[in-house]
Number of protein chains: 2
Amino acid sequence: MINREDEVIRTLTRYYTPHPRLPVPSGADDATMITEIPGKALVLSVDAHMEGIHFERSLLALGDVGYRALAAALSDLAAMGARPITFLVNLEVPLTLSLKEISDIYEGFKPLMKRFCISPSGGNITRSERIGLVITVVGETSREGYIPREVRAGDLLAVSGDLGRSMGGLYLLQNRSYEEKLQEEDAQALIEKFLQPVPKIHEMERLLIEFRPRGGMDLSDGLGIDAGRLARMNQVDLVFYEDRLPIHPATHALAEVMQLPPSTLATSSGEEYEILLAIDPSDRVHLEKLEGWTIVGEARASFEPRAVLKRADGSEVDISQRGYDHLMESFQRELPGNRET
Amino acid sequence: MINREDEVIRTLTRYYTPHPRLPVPSGADDATMITEIPGKALVLSVDAHMEGIHFERSLLALGDVGYRALAAALSDLAAMGARPITFLVNLEVPLTLSLKEISDIYEGFKPLMKRFCISPSGGNITRSERIGLVITVVGETSREGYIPREVRAGDLLAVSGDLGRSMGGLYLLQNRSYEEKLQEEDAQALIEKFLQPVPKIHEMERLLIEFRPRGGMDLSDGLGIDAGRLARMNQVDLVFYEDRLPIHPATHALAEVMQLPPSTLATSSGEEYEILLAIDPSDRVHLEKLEGWTIVGEARASFEPRAVLKRADGSEVDISQRGYDHLMESFQRELPGNRET
């Protein structure tokens, strides 16, 4: 006789594949064991994806839920310049979910498992009112390779990929009427970035062969709010030139349909999972050798640190609150008048 | 200007204390970095404590919630013979919780932080309908020191501490009328084990100086259900002698009040966080040198592996379902007639 919890766990441990750094096969035990190597450092990060907060089931298949949760967690490793080794999943599932549906969430991990040669190696399952994934990712870097959240006045700011497309994809899924006004390939490009963002693990590995950036972070809550945090940590203004922001043609097309400046999408869009880097100006030549990176601005000394959008006419807008604060909605009432946007 | 999420994070990162293996101070970044050492292995485990499933707020102060969640996670490390290094917390909090109340949860970590010289070094916070903690603990062991979930027929079974007291404490908190029928010190002993169980980290470190057990696990869902799992994994029966189970006088007293056999409490009680070990019979002399361990039974070959309680009269009862299956309640409807107890 077997109980249900064990049955679910046995099904999910099938997603484990052998890994040279994990000496004990998963599923045989609750815990994950990783052999250590001198000169290296393990990097751990925890990320949560909760139904009703980070996603709505009406817009996503269960596989998408799994994919996006894992992508978000891996993006934290990319920002540190770390290569993923494995991940652990705490899964909350409602009573109504079948074993097949639980497996569907794990099926969503597969494209990322393949791309980065990793698999889940442990975890926990518990019932809940709604679906929730808390993923702990484990990566590795050399102690010196680690990229801190550091910026100095005078540094250049660079960003990977393009910005705004993820929010565009979300708008499209929420409002199908926009789709009729767009080319099919533009609609696809928007939705793809929202549903299947690719964490910039390989891009960062490639970049670290060329040079070591001063600092960096991944963009998960929006360029404005994320850069605002980085600005405050380092007592600098981060200035982004509106006409330099890398914006995909599909994002431009949607912005036109929505009658919005494209830069509003680019600075507010969460879940982009692009990397924002601060680099010494002398490293500009190294960065320019690489594909997929754009220099978008610079850091300057400041007594009132914030993220700023600089328009072609020279005017500046504070964008430090553009994006998504997951606790904002809840605590806004307690902080009357404390927010501008 | 600062948003609320940042304010909460800043408050919680104050609980971090420097650690020789964590080269980057926490709070400066999302991720935790741990320097590696040759010959060692890192051990990771994830554990969840959710309101309404693992605990009810009516019975616990917020500090107790934090304490018990961390104790449960650390107990997994004890079972592996690993020494804790740090932990990461994914905290789900309802809209109604104040910053003070969120800190109260972290205050509950403190006795365990002190005892094991660890502190939180990262995490994540998200809003939710109810309180939930998903804790990732990180520990270290030598590759050889690692204790698998292994048992062989003929092995002796040993258990740390005493069994049944935690469930007794829960019954007392749920039913204060029992308390009048008990000595005050007995009531205290029961409630203390329920509210402040101590993971057996030090006990396992001490034991590993003497000898290496064949295998082991921690008892979190109940001796019956946990040992039933271990039995199935290893194709053996695990036989526990009723008169050898280590039962605290307070548990005996409560069992009398409740008119239950004390062994029912001892075999069904979850959240004991004691360690069940399988040891080679030749290691009995080593174990007997140590305080706080009891030999309670043995493993025997079996075609229908299960956990068994053996009475003084020689009769045997299957206890493989005694305890708590966190998914049971939810899926019971799907498995009619599939459970005996």
# chains A, B, ... in the order shown; residues from 1 in each chain; ligands from 1
call {"tool": "interface_residues", "arguments": {"of": "chain B", "to": "chain A", "cutoff": "6 Å", "atoms": "only C-alpha atoms", "output": "PyMOL selection string"}}
result
chain B and resi 5+31-38+40-46+95+123+327+330
call {"tool": "select_by_dssp", "arguments": {"residues": "region 16-212 of chain B", "states": "helix (DSSP H, G or I)", "output": "ChimeraX atom specification"}}
result
/B:62-80,99-107,110-116,165-174,177-180,184-195,201-210
call {"tool": "calpha_fit_and_write", "arguments": {"fixed": "chain B", "moving": "chain A", "output": "mmCIF file with C-alpha atoms, in the first residue's frame"}}
result
data_model
loop_
_atom_site.group_PDB
_atom_site.id
_atom_site.type_symbol
_atom_site.label_atom_id
_atom_site.label_comp_id
_atom_site.auth_asym_id
_atom_site.auth_seq_id
_atom_site.Cartn_x
_atom_site.Cartn_y
_atom_site.Cartn_z
ATOM 1 C CA MET A 1 11.269 57.317 -2.051
ATOM 2 C CA ILE A 2 11.236 53.680 -1.138
ATOM 3 C CA ASN A 3 8.604 51.108 -1.822
ATOM 4 C CA ARG A 4 7.127 48.786 0.736
ATOM 5 C CA GLU A 5 8.690 45.576 -0.532
ATOM 6 C CA ASP A 6 12.145 47.092 -0.155
ATOM 7 C CA GLU A 7 11.310 48.228 3.374
ATOM 8 C CA VAL A 8 10.299 44.722 4.429
ATOM 9 C CA ILE A 9 13.384 43.220 2.812
ATOM 10 C CA ARG A 10 15.660 45.737 4.529
ATOM 11 C CA THR A 11 14.141 44.917 7.905
ATOM 12 C CA LEU A 12 14.543 41.187 7.390
ATOM 13 C CA THR A 13 18.120 41.348 6.120
ATOM 14 C CA ARG A 14 19.066 42.658 9.576
ATOM 15 C CA TYR A 15 18.778 39.064 10.756
ATOM 16 C CA TYR A 16 21.804 38.131 8.701
ATOM 17 C CA THR A 17 25.094 37.764 10.585
ATOM 18 C CA PRO A 18 28.528 37.320 8.933
ATOM 19 C CA HIS A 19 29.638 33.761 8.229
ATOM 20 C CA PRO A 20 33.088 32.590 7.121
ATOM 21 C CA ARG A 21 31.655 30.539 4.259
ATOM 22 C CA LEU A 22 29.478 33.331 2.853
ATOM 23 C CA PRO A 23 31.851 35.808 1.175
ATOM 24 C CA VAL A 24 29.149 38.295 0.181
ATOM 25 C CA PRO A 25 27.018 39.925 2.855
ATOM 26 C CA SER A 26 23.361 39.156 2.425
ATOM 27 C CA GLY A 27 20.902 41.861 1.571
ATOM 28 C CA ALA A 28 23.328 43.297 -0.949
ATOM 29 C CA ASP A 29 21.980 40.838 -3.450
ATOM 30 C CA ASP A 30 19.187 38.398 -4.148
ATOM 31 C CA ALA A 31 21.448 35.385 -4.182
ATOM 32 C CA THR A 32 23.521 33.561 -1.591
ATOM 33 C CA MET A 33 27.094 32.566 -2.410
ATOM 34 C CA ILE A 34 28.946 29.811 -0.579
ATOM 35 C CA THR A 35 32.648 29.131 -1.059
ATOM 36 C CA GLU A 36 33.451 25.528 -1.853
ATOM 37 C CA ILE A 37 35.970 23.282 -0.106
ATOM 38 C CA PRO A 38 37.515 20.129 -1.606
ATOM 39 C CA GLY A 39 36.314 16.816 -0.174
ATOM 40 C CA LYS A 40 33.107 18.298 1.130
ATOM 41 C CA ALA A 41 29.600 18.258 -0.252
ATOM 42 C CA LEU A 42 26.837 20.759 0.190
ATOM 43 C CA VAL A 43 23.466 19.391 1.194
ATOM 44 C CA LEU A 44 20.257 21.237 0.362
ATOM 45 C CA SER A 45 16.734 20.594 1.462
ATOM 46 C CA VAL A 46 13.448 22.456 1.054
ATOM 47 C CA ASP A 47 10.620 22.372 3.547
ATOM 48 C CA ALA A 48 7.261 24.172 3.667
ATOM 49 C CA HIS A 49 5.153 25.305 6.619
ATOM 50 C CA MET A 50 1.762 26.558 5.521
ATOM 51 C CA GLU A 51 -0.996 28.001 7.640
ATOM 52 C CA GLY A 52 -4.050 25.748 7.597
ATOM 53 C CA ILE A 53 -2.001 22.697 6.617
ATOM 54 C CA HIS A 54 1.080 22.484 8.809
ATOM 55 C CA PHE A 55 -0.135 24.826 11.512
ATOM 56 C CA GLU A 56 -3.086 26.867 12.790
ATOM 57 C CA ARG A 57 -2.462 30.403 13.954
ATOM 58 C CA SER A 58 -4.958 29.951 16.778
ATOM 59 C CA LEU A 59 -2.488 27.616 18.516
ATOM 60 C CA LEU A 60 0.784 29.359 17.748
ATOM 61 C CA ALA A 61 2.440 32.737 18.226
ATOM 62 C CA LEU A 62 4.149 34.078 15.097
ATOM 63 C CA GLY A 63 7.544 33.351 16.653
ATOM 64 C CA ASP A 64 6.524 29.713 17.116
ATOM 65 C CA VAL A 65 5.586 29.552 13.440
ATOM 66 C CA GLY A 66 9.061 30.712 12.448
ATOM 67 C CA TYR A 67 10.814 28.452 14.948
ATOM 68 C CA ARG A 68 8.971 25.313 13.918
ATOM 69 C CA ALA A 69 9.397 25.921 10.196
ATOM 70 C CA LEU A 70 13.145 26.307 10.579
ATOM 71 C CA ALA A 71 13.422 23.357 12.989
ATOM 72 C CA ALA A 72 11.637 21.123 10.476
ATOM 73 C CA ALA A 73 14.000 22.138 7.680
ATOM 74 C CA LEU A 74 17.124 21.710 9.831
ATOM 75 C CA SER A 75 15.959 18.272 10.870
ATOM 76 C CA ASP A 76 16.410 17.123 7.253
ATOM 77 C CA LEU A 77 20.068 18.139 7.506
ATOM 78 C CA ALA A 78 20.466 16.274 10.806
ATOM 79 C CA ALA A 79 19.133 13.138 9.125
ATOM 80 C CA MET A 80 21.838 13.433 6.454
ATOM 81 C CA GLY A 81 24.551 13.945 9.070
ATOM 82 C CA ALA A 82 25.136 17.479 7.733
ATOM 83 C CA ARG A 83 26.100 20.608 9.654
ATOM 84 C CA PRO A 84 24.001 23.671 8.721
ATOM 85 C CA ILE A 85 25.673 26.671 7.056
ATOM 86 C CA THR A 86 22.772 28.992 6.295
ATOM 87 C CA PHE A 87 19.139 29.109 5.133
ATOM 88 C CA LEU A 88 16.973 30.967 2.616
ATOM 89 C CA VAL A 89 13.385 31.923 3.361
ATOM 90 C CA ASN A 90 10.496 32.345 0.967
ATOM 91 C CA LEU A 91 7.898 34.145 3.041
ATOM 92 C CA GLU A 92 4.244 34.415 2.074
ATOM 93 C CA VAL A 93 2.372 36.974 4.158
ATOM 94 C CA PRO A 94 -1.243 38.141 4.160
ATOM 95 C CA LEU A 95 -2.135 41.770 3.530
ATOM 96 C CA THR A 96 -3.089 42.223 7.152
ATOM 97 C CA LEU A 97 0.332 41.485 8.633
ATOM 98 C CA SER A 98 2.329 44.461 9.910
ATOM 99 C CA LEU A 99 6.084 44.865 9.547
ATOM 100 C CA LYS A 100 6.358 44.135 13.282
ATOM 101 C CA GLU A 101 4.444 40.886 12.856
ATOM 102 C CA ILE A 102 6.598 39.871 9.897
ATOM 103 C CA SER A 103 9.659 40.492 12.085
ATOM 104 C CA ASP A 104 8.092 38.361 14.845
ATOM 105 C CA ILE A 105 8.264 35.351 12.525
ATOM 106 C CA TYR A 106 11.984 36.000 12.065
ATOM 107 C CA GLU A 107 12.437 36.509 15.830
ATOM 108 C CA GLY A 108 11.307 32.906 16.182
ATOM 109 C CA PHE A 109 14.363 31.783 14.184
ATOM 110 C CA LYS A 110 16.734 33.208 16.794
ATOM 111 C CA PRO A 111 17.072 30.302 19.272
ATOM 112 C CA LEU A 112 18.008 28.008 16.371
ATOM 113 C CA MET A 113 20.286 30.633 14.790
ATOM 114 C CA LYS A 114 22.182 30.868 18.075
ATOM 115 C CA ARG A 115 22.294 27.147 18.714
ATOM 116 C CA PHE A 116 23.675 26.322 15.281
ATOM 117 C CA CYS A 117 25.554 29.559 14.470
ATOM 118 C CA ILE A 118 23.601 30.258 11.311
ATOM 119 C CA SER A 119 21.507 33.068 9.906
ATOM 120 C CA PRO A 120 19.237 33.630 6.901
ATOM 121 C CA SER A 121 21.220 34.713 3.869
ATOM 122 C CA GLY A 122 18.624 35.342 1.248
ATOM 123 C CA GLY A 123 15.077 34.829 0.314
ATOM 124 C CA ASN A 124 11.987 36.244 -1.179
ATOM 125 C CA ILE A 125 8.722 37.730 0.017
ATOM 126 C CA THR A 126 5.285 37.602 -1.549
ATOM 127 C CA ARG A 127 1.762 38.371 -0.419
ATOM 128 C CA SER A 128 -0.723 35.595 0.126
ATOM 129 C CA GLU A 129 -4.054 34.762 1.744
ATOM 130 C CA ARG A 130 -2.262 33.031 4.610
ATOM 131 C CA ILE A 131 1.175 32.767 6.171
ATOM 132 C CA GLY A 132 3.564 30.356 4.500
ATOM 133 C CA LEU A 133 7.260 29.686 4.886
ATOM 134 C CA VAL A 134 9.302 27.709 2.422
ATOM 135 C CA ILE A 135 12.757 27.302 3.888
ATOM 136 C CA THR A 136 15.762 26.062 1.953
ATOM 137 C CA VAL A 137 18.465 24.906 4.338
ATOM 138 C CA VAL A 138 22.078 24.538 3.264
ATOM 139 C CA GLY A 139 24.409 22.240 5.150
ATOM 140 C CA GLU A 140 27.677 20.493 4.606
ATOM 141 C CA THR A 141 29.038 17.020 5.041
ATOM 142 C CA SER A 142 31.980 15.037 3.807
ATOM 143 C CA ARG A 143 31.039 12.965 0.803
ATOM 144 C CA GLU A 144 31.553 9.775 2.820
ATOM 145 C CA GLY A 145 29.808 11.129 5.914
ATOM 146 C CA TYR A 146 26.498 11.393 4.119
ATOM 147 C CA ILE A 147 23.809 9.100 5.520
ATOM 148 C CA PRO A 148 21.567 7.530 2.886
ATOM 149 C CA ARG A 149 18.027 6.177 3.347
ATOM 150 C CA GLU A 150 19.337 2.643 3.515
ATOM 151 C CA VAL A 151 18.426 -0.333 5.688
ATOM 152 C CA ARG A 152 19.375 -4.000 5.335
ATOM 153 C CA ALA A 153 17.646 -7.021 6.787
ATOM 154 C CA GLY A 154 19.358 -7.785 10.092
ATOM 155 C CA ASP A 155 20.119 -4.138 10.896
ATOM 156 C CA LEU A 156 19.157 -2.789 14.285
ATOM 157 C CA LEU A 157 16.877 0.253 14.467
ATOM 158 C CA ALA A 158 17.691 3.101 16.834
ATOM 159 C CA VAL A 159 15.842 6.287 17.587
ATOM 160 C CA SER A 160 16.938 9.551 19.235
ATOM 161 C CA GLY A 161 15.125 11.233 22.135
ATOM 162 C CA ASP A 162 11.551 10.199 22.852
ATOM 163 C CA LEU A 163 8.450 9.708 20.724
ATOM 164 C CA GLY A 164 4.849 10.865 21.114
ATOM 165 C CA ARG A 165 5.403 14.036 23.102
ATOM 166 C CA SER A 166 4.910 16.407 20.171
ATOM 167 C CA MET A 167 1.450 15.065 19.349
ATOM 168 C CA GLY A 168 0.697 15.150 23.064
ATOM 169 C CA GLY A 169 1.598 18.835 23.145
ATOM 170 C CA LEU A 170 -0.689 19.509 20.198
ATOM 171 C CA TYR A 171 -3.586 17.661 21.883
ATOM 172 C CA LEU A 172 -3.057 19.731 25.023
ATOM 173 C CA LEU A 173 -3.103 23.004 23.106
ATOM 174 C CA GLN A 174 -6.243 21.930 21.274
ATOM 175 C CA ASN A 175 -7.952 20.644 24.383
ATOM 176 C CA ARG A 176 -7.088 22.570 27.509
ATOM 177 C CA SER A 177 -9.303 20.336 29.671
ATOM 178 C CA TYR A 178 -6.604 17.631 29.566
ATOM 179 C CA GLU A 179 -4.257 20.039 31.253
ATOM 180 C CA GLU A 180 -6.195 20.009 34.521
ATOM 181 C CA LYS A 181 -5.687 16.266 34.744
ATOM 182 C CA LEU A 182 -1.894 16.482 34.356
ATOM 183 C CA GLN A 183 0.989 17.620 36.551
ATOM 184 C CA GLU A 184 2.160 21.064 35.496
ATOM 185 C CA GLU A 185 5.631 19.832 34.583
ATOM 186 C CA ASP A 186 4.178 17.089 32.392
ATOM 187 C CA ALA A 187 1.986 19.586 30.562
ATOM 188 C CA GLN A 188 5.032 21.796 30.062
ATOM 189 C CA ALA A 189 7.171 18.930 28.770
ATOM 190 C CA LEU A 190 4.526 18.045 26.184
ATOM 191 C CA ILE A 191 3.935 21.579 24.958
ATOM 192 C CA GLU A 192 7.658 22.328 24.833
ATOM 193 C CA LYS A 193 8.350 19.464 22.460
ATOM 194 C CA PHE A 194 5.506 20.594 20.218
ATOM 195 C CA LEU A 195 6.435 24.277 20.203
ATOM 196 C CA GLN A 196 10.221 24.063 20.330
ATOM 197 C CA PRO A 197 11.478 20.756 18.946
ATOM 198 C CA VAL A 198 15.263 20.694 18.672
ATOM 199 C CA PRO A 199 16.661 19.235 15.454
ATOM 200 C CA LYS A 200 19.219 16.538 16.254
ATOM 201 C CA ILE A 201 22.160 18.250 14.526
ATOM 202 C CA HIS A 202 24.558 18.050 17.490
ATOM 203 C CA GLU A 203 23.495 14.512 18.383
ATOM 204 C CA MET A 204 24.286 13.350 14.858
ATOM 205 C CA GLU A 205 27.637 15.145 14.808
ATOM 206 C CA ARG A 206 28.525 13.406 18.059
ATOM 207 C CA LEU A 207 27.373 10.028 16.755
ATOM 208 C CA LEU A 208 29.386 10.335 13.537
ATOM 209 C CA ILE A 209 32.557 10.649 15.616
ATOM 210 C CA GLU A 210 31.887 7.134 16.941
ATOM 211 C CA PHE A 211 30.616 5.311 13.864
ATOM 212 C CA ARG A 212 28.771 5.606 10.581
ATOM 213 C CA PRO A 213 25.212 4.290 10.583
ATOM 214 C CA ARG A 214 23.971 2.332 7.564
ATOM 215 C CA GLY A 215 21.155 4.781 6.957
ATOM 216 C CA GLY A 216 18.632 7.061 8.523
ATOM 217 C CA MET A 217 15.839 9.578 8.252
ATOM 218 C CA ASP A 218 14.151 12.147 10.429
ATOM 219 C CA LEU A 219 10.660 11.562 11.794
ATOM 220 C CA SER A 220 8.425 14.358 10.625
ATOM 221 C CA ASP A 221 5.163 12.685 9.569
ATOM 222 C CA GLY A 222 5.058 10.005 12.273
ATOM 223 C CA LEU A 223 7.107 6.886 13.063
ATOM 224 C CA GLY A 224 4.580 4.676 11.284
ATOM 225 C CA ILE A 225 4.279 6.505 7.982
ATOM 226 C CA ASP A 226 7.969 7.503 7.853
ATOM 227 C CA ALA A 227 9.244 4.028 8.698
ATOM 228 C CA GLY A 228 6.721 2.597 6.233
ATOM 229 C CA ARG A 229 8.367 4.666 3.483
ATOM 230 C CA LEU A 230 11.849 3.552 4.508
ATOM 231 C CA ALA A 231 10.639 -0.055 4.592
ATOM 232 C CA ARG A 232 9.264 0.114 1.044
ATOM 233 C CA MET A 233 12.406 1.826 -0.288
ATOM 234 C CA ASN A 234 14.535 -1.003 1.057
ATOM 235 C CA GLN A 235 12.219 -4.007 0.716
ATOM 236 C CA VAL A 236 12.355 -4.839 4.397
ATOM 237 C CA ASP A 237 9.958 -4.883 7.321
ATOM 238 C CA LEU A 238 10.900 -2.465 10.063
ATOM 239 C CA VAL A 239 9.850 -4.078 13.332
ATOM 240 C CA PHE A 240 9.466 -1.915 16.435
ATOM 241 C CA TYR A 241 9.127 -3.518 19.842
ATOM 242 C CA GLU A 242 6.311 -1.816 21.704
ATOM 243 C CA ASP A 243 8.025 -2.121 25.082
ATOM 244 C CA ARG A 244 11.260 -0.563 23.806
ATOM 245 C CA LEU A 245 9.836 2.653 22.355
ATOM 246 C CA PRO A 246 11.321 5.622 24.245
ATOM 247 C CA ILE A 247 8.300 7.353 25.758
ATOM 248 C CA HIS A 248 8.556 10.345 28.093
ATOM 249 C CA PRO A 249 6.737 10.133 31.497
ATOM 250 C CA ALA A 250 4.616 13.093 30.406
ATOM 251 C CA THR A 251 3.462 11.160 27.331
ATOM 252 C CA HIS A 252 2.588 8.192 29.540
ATOM 253 C CA ALA A 253 0.584 10.494 31.802
ATOM 254 C CA LEU A 254 -1.343 12.023 28.907
ATOM 255 C CA ALA A 255 -1.988 8.606 27.338
ATOM 256 C CA GLU A 256 -3.569 7.534 30.601
ATOM 257 C CA VAL A 257 -5.786 10.622 30.691
ATOM 258 C CA MET A 258 -6.788 10.020 27.075
ATOM 259 C CA GLN A 259 -7.211 6.289 27.675
ATOM 260 C CA LEU A 260 -4.898 5.429 24.803
ATOM 261 C CA PRO A 261 -1.975 3.007 24.655
ATOM 262 C CA PRO A 262 1.168 5.195 24.933
ATOM 263 C CA SER A 263 2.558 3.417 21.861
ATOM 264 C CA THR A 264 -0.285 4.851 19.776
ATOM 265 C CA LEU A 265 0.975 8.336 20.534
ATOM 266 C CA ALA A 266 4.580 7.258 19.969
ATOM 267 C CA THR A 267 3.949 5.677 16.571
ATOM 268 C CA SER A 268 1.506 8.307 15.224
ATOM 269 C CA SER A 269 3.048 11.549 16.434
ATOM 270 C CA GLY A 270 4.292 13.816 13.650
ATOM 271 C CA GLU A 271 6.791 16.652 13.938
ATOM 272 C CA GLU A 272 8.942 14.807 16.465
ATOM 273 C CA TYR A 273 12.111 15.553 14.478
ATOM 274 C CA GLU A 274 13.840 12.609 16.094
ATOM 275 C CA ILE A 275 16.213 10.531 13.968
ATOM 276 C CA LEU A 276 15.562 6.924 13.039
ATOM 277 C CA LEU A 277 18.768 5.041 12.236
ATOM 278 C CA ALA A 278 19.558 1.644 10.801
ATOM 279 C CA ILE A 279 22.846 0.344 12.187
ATOM 280 C CA ASP A 280 24.895 -2.752 11.652
ATOM 281 C CA PRO A 281 24.510 -5.031 14.718
ATOM 282 C CA SER A 282 28.278 -4.765 15.270
ATOM 283 C CA ASP A 283 27.858 -1.014 15.867
ATOM 284 C CA ARG A 284 25.578 -1.581 18.829
ATOM 285 C CA VAL A 285 28.534 -1.135 21.216
ATOM 286 C CA HIS A 286 29.303 2.260 19.668
ATOM 287 C CA LEU A 287 25.717 3.444 19.912
ATOM 288 C CA GLU A 288 25.429 2.350 23.526
ATOM 289 C CA LYS A 289 28.296 4.679 24.455
ATOM 290 C CA LEU A 290 26.117 7.633 23.468
ATOM 291 C CA GLU A 291 23.376 9.258 25.479
ATOM 292 C CA GLY A 292 19.954 9.895 24.071
ATOM 293 C CA TRP A 293 19.637 6.918 21.724
ATOM 294 C CA THR A 294 17.474 3.816 22.120
ATOM 295 C CA ILE A 295 17.518 0.573 20.185
ATOM 296 C CA VAL A 296 13.872 0.013 19.323
ATOM 297 C CA GLY A 297 13.755 -2.803 16.800
ATOM 298 C CA GLU A 298 15.210 -4.454 13.756
ATOM 299 C CA ALA A 299 14.832 -4.850 10.014
ATOM 300 C CA ARG A 300 13.909 -8.187 8.440
ATOM 301 C CA ALA A 301 13.551 -9.359 4.850
ATOM 302 C CA SER A 302 10.046 -8.960 3.472
ATOM 303 C CA PHE A 303 8.037 -9.380 0.292
ATOM 304 C CA GLU A 304 5.423 -6.943 1.533
ATOM 305 C CA PRO A 305 7.509 -4.244 3.199
ATOM 306 C CA ARG A 306 5.918 -2.270 6.012
ATOM 307 C CA ALA A 307 6.447 -0.811 9.463
ATOM 308 C CA VAL A 308 5.293 -3.142 12.209
ATOM 309 C CA LEU A 309 4.636 -2.752 15.925
ATOM 310 C CA LYS A 310 5.449 -5.944 17.824
ATOM 311 C CA ARG A 311 3.601 -6.367 21.104
ATOM 312 C CA ALA A 312 4.913 -8.146 24.184
ATOM 313 C CA ASP A 313 2.609 -11.101 23.381
ATOM 314 C CA GLY A 314 4.306 -11.507 20.003
ATOM 315 C CA SER A 315 1.401 -10.161 17.924
ATOM 316 C CA GLU A 316 2.169 -7.643 15.154
ATOM 317 C CA VAL A 317 0.289 -4.579 13.902
ATOM 318 C CA ASP A 318 0.952 -2.797 10.613
ATOM 319 C CA ILE A 319 1.631 0.857 11.507
ATOM 320 C CA SER A 320 2.724 1.998 8.020
ATOM 321 C CA GLN A 321 -0.179 4.446 7.793
ATOM 322 C CA ARG A 322 0.132 5.952 11.274
ATOM 323 C CA GLY A 323 0.950 9.609 11.050
ATOM 324 C CA TYR A 324 0.228 12.508 8.808
ATOM 325 C CA ASP A 325 0.231 12.561 5.026
ATOM 326 C CA HIS A 326 -0.012 16.180 3.950
ATOM 327 C CA LEU A 327 -1.701 15.341 0.687
ATOM 328 C CA MET A 328 -3.855 12.582 2.136
ATOM 329 C CA GLU A 329 -6.862 14.645 3.018
ATOM 330 C CA SER A 330 -6.988 16.112 -0.446
ATOM 331 C CA PHE A 331 -6.670 12.993 -2.505
ATOM 332 C CA GLN A 332 -8.428 10.499 -0.298
ATOM 333 C CA ARG A 333 -11.590 10.862 -2.336
ATOM 334 C CA GLU A 334 -9.780 9.750 -5.453
ATOM 335 C CA LEU A 335 -8.526 6.579 -3.847
ATOM 336 C CA PRO A 336 -11.592 4.946 -2.290
ATOM 337 C CA GLY A 337 -10.824 1.974 -0.115
ATOM 338 C CA ASN A 338 -7.120 2.483 -0.579
ATOM 339 C CA ARG A 339 -6.335 3.268 3.040
ATOM 340 C CA GLU A 340 -6.802 1.199 6.143
ATOM 341 C CA THR A 341 -6.350 3.672 8.967
#
call {"tool": "select_by_dssp", "arguments": {"residues": "region 89-210 of chain A", "states": "strand (DSSP E)", "output": "number ranges by chain"}}
result
A: 89-93, 120-127, 132-142, 156-160
